[in-house]
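Written below as structure tokens is the structure these notes are about.
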Amino acid sequence: MAQNTERWGSRLGLILAMAGNAVGLGNFLRFPIQAVQNGGGAFIIPYIVSFVLLGLPLLLVEWSTGRYGGSFGFNSPPYIMKTMNKRRLWKYIGGLGLFSNFVIAAYYCYIESWTMSYVYHSIIGTFRGMTEGQVSAFFDSYLDVSTSTTGISYEALIFYILCLVLNIWILSRGLQKGIEKLSKICMPLLIVFGLFLVVKAFTIKAGTDGAVYDGMVGFNFLWTPQFDSLKDPKVWLAAAGQIFFTLSLGMGCIQCYASYLRKNDDIALNAMTTGFTNEFCEVIIGSSIIIPISIGYFGIDKVVELVGLGGFGLGFRSMPFLFGQWGNVIGAIAGAAFFGLLFFAGITSTVAMGSPIVAFLKDGFGWERKKSTLFFGLIIFILGLPTVLFFQKGVFDQYDYWGGTVSLFIFAMFEAILFSWVIGVDKGWAMIHQGADIRVPKIFKFILKYITPVMLIVIFLAALVKPKGDDWSLISIKGWELDDASIVGELTHKGIGPNSQWITDKFYAENAGTVDSIYSHNGRNYICVSGGGQVRNYAFAHSDVPQVEVGQKVAAGDVLYSGRVINDVFYVDMSRILLVLLLLIICVMIWKGNKNIERKEARL
Amino acid sequence: MNTSALVIMITVQLFIVVMTVYLFTRMLKAKPDKDITDDE
């Protein structure tokens, strides 16, 4: 058996590291959007229900299986799963806990680097005096690596590399001097910065600093319940999904961190404390920043429109402008605080993602930590480059979907079944309570066995065959049209439209309407087509030749321009091939590592 | 702010704050981690 030589320095350090793993960008950018889009104050009902039926049980499962695997000297998901059941399948299921971390870390590090850059820009006053449109355009130019106009060439790439280097350095310093120390600095600062912004949001007064509405208008909007929404399965699915992502379940990071515990260290109280700390950051702080502040300045209608762009839209395109309304000094402090807390939330999560991979290389190949962290950094740089260079082409969405969504659910589904049905809930219950400092209410034993696994299976099936437009009334025995974003829909490129070839010589309109304009912006050319409430701006290269004129009516499928056209579907499919390759390589490495472990065990 | 929004906001946030403080307090008061060897 491998010797487990690393341990957490203190209980507080462990809790803050685990909370850091859970608390991420989603707490501040995803949760408030989900709440607004799914019933406001009423959303909290399915959210709390999911926390009790899904969140807490899975936390207990992951903490206890992690500690169990750690008692055999293993700290990585594949070999932790192997200790739970000798069947070959389980260590490969555990491989999903490596796959998702590689894939998510690759793009998450990139987003984290945006927050790092925005702290810098907030402090030096880049956004000072900018209009809302200019702040939004700044974000576009920042993402466009080749045509950055922010004064630093390839700025996005530079910050990305800086961020990677920081992550590698922290990981290489180990559990106590790296991860724990980071968490002890970042988590308290995150809470302080967050509370500062919450107070600012609460105290927004109409007519002061350019605010149109009181801050309370935003809180009112967010928390006013629309009880009708509770009849919509989409809302319950959204709540379950949010709980899942916010607690970082199904990733293998919790198992990894918990594997550094001793066999009689408490997990029941630790797991619950971590869960509630995450909820504190999400529901108390996360819900109280971007929505109330933006409604104070933009009003409800505009924010509802902006919310459609997602958390990134509000966070990076609007918030710097809004902070600027508070004056140069407070505005800079607020910007640094907001993007600083996002950065802290991000980096504590990415080091958690690196940990199972570093542990895997130790478990299976005996690699020491510095070598493993460099390997981790190199791989996520290679994997992450396509998201940096081809962000607008759909690469990011593919990573997020397969690595950051589907993989997590599959892993969580299997681990719940393994814990409650293969090992058995009686044995699992005993594992949870070994060394426990708190008794988990007995109802959770029933929930673990019957409710949590079934909920996960139902959510997975619902995602697999989601009906068009999330309209669950369409479900019938005779069949139904799938939503483009269902798993089957995604796999089959449903809704891809007329530009379905990888490389071709013509590009076709994807919406019907009138050609509003053909223009240049930041060195790129665009054809703008608006109609039916949709406005689409199609980018084309200098060598491409427009086949339409301004004022011309076009139908979906009409040729817009000709030239050497590489459609987004090419980048999407290349990403998928890359992800499949990654999964296969991981499986081979698990197999090879397992052989090494068996050889070592035979010698002992 | 309307009543239902206020009630939900205060109830939920109070619940989370109370539980977080309670759990942290219990954690800090709990017995120190047992001193065992690494060898199992």
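If you're wondering about the labels, chains in the structure tokens are A, B, ... by order shown, residues count from 1 in each chain, ligands from 1 in order shown.
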
Would you give me, as JSON lines, each residue of chain A having an atom within 6 Å of an atom of chain B, along with its shortest atom pair and that distance in Å to one decimal, using only C-alpha atoms and sorting by chain and residue number?
{"residue": "A:Asn220", "atom": "CA", "partner": "B:Met1", "partner_atom": "CA", "distance": 5.3}
{"residue": "A:Trp223", "atom": "CA", "partner": "B:Ala5", "partner_atom": "CA", "distance": 4.7}
{"residue": "A:Thr224", "atom": "CA", "partner": "B:Ala5", "partner_atom": "CA", "distance": 4.3}
{"residue": "A:Thr273", "atom": "CA", "partner": "B:Leu23", "partner_atom": "CA", "distance": 5.5}
{"residue": "A:Phe276", "atom": "CA", "partner": "B:Thr20", "partner_atom": "CA", "distance": 5.4}

How about saving the chosen residues, N, CA, C and O atoms kept, as a PDB file, in the first residue's frame?
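Result file out_37.pdb:
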ATOM      1  N   ASN A 220     -35.749  43.337  -4.196  1.00  0.00           N
ATOM      2  CA  ASN A 220     -37.169  43.021  -4.311  1.00  0.00           C
ATOM      3  C   ASN A 220     -37.422  42.153  -5.546  1.00  0.00           C
ATOM      4  O   ASN A 220     -38.146  41.156  -5.490  1.00  0.00           O
ATOM      5  N   TRP A 223     -35.994  38.548  -5.054  1.00  0.00           N
ATOM      6  CA  TRP A 223     -36.596  37.696  -4.040  1.00  0.00           C
ATOM      7  C   TRP A 223     -38.115  37.561  -4.140  1.00  0.00           C
ATOM      8  O   TRP A 223     -38.696  36.726  -3.460  1.00  0.00           O
ATOM      9  N   THR A 224     -38.753  38.400  -4.989  1.00  0.00           N
ATOM     10  CA  THR A 224     -40.219  38.272  -5.116  1.00  0.00           C
ATOM     11  C   THR A 224     -40.543  36.913  -5.726  1.00  0.00           C
ATOM     12  O   THR A 224     -40.041  36.575  -6.797  1.00  0.00           O
ATOM     13  N   THR A 273     -20.484  21.690   7.360  1.00  0.00           N
ATOM     14  CA  THR A 273     -19.964  23.051   7.510  1.00  0.00           C
ATOM     15  C   THR A 273     -19.542  23.619   6.160  1.00  0.00           C
ATOM     16  O   THR A 273     -19.823  24.773   5.836  1.00  0.00           O
ATOM     17  N   PHE A 276     -22.650  24.544   4.062  1.00  0.00           N
ATOM     18  CA  PHE A 276     -23.298  25.789   4.461  1.00  0.00           C
ATOM     19  C   PHE A 276     -22.416  27.008   4.222  1.00  0.00           C
ATOM     20  O   PHE A 276     -22.913  28.095   3.945  1.00  0.00           O
TER      21      PHE A 276
END

Could you pull out the alpha helix (DSSP H) residues of range 17-125 of chain A from DSSP and send them as a ChimeraX atom specification? /A:17-22,25-29,31-37,44-50,56-70,77-84,88-124

If I take CA of Glu481 in chain A and CA of Lys468 in chain A, how far is one from the other in Å, to one decimal?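 Value for the CA of Glu481 in chain A-CA of Lys468 in chain A distance: 5.7 Å.
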
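What separates CA of Val465 in chain A from CA of Ser486 in chain A is a distance of 5.5 Å.
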
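Comparing the minimum interatomic distances between Lys445 in chain A and each of A:Ile185, A:Ile527, A:Ala539, A:Leu58, counting only C-alpha atoms, we find that A:Leu58 sits nearest.
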
Quick one: distance from CA of Leu464 in chain A to CA of Phe411 in chain A in Å, one decimal?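 Separating CA of Leu464 in chain A from CA of Phe411 in chain A is a distance of 15.1 Å.
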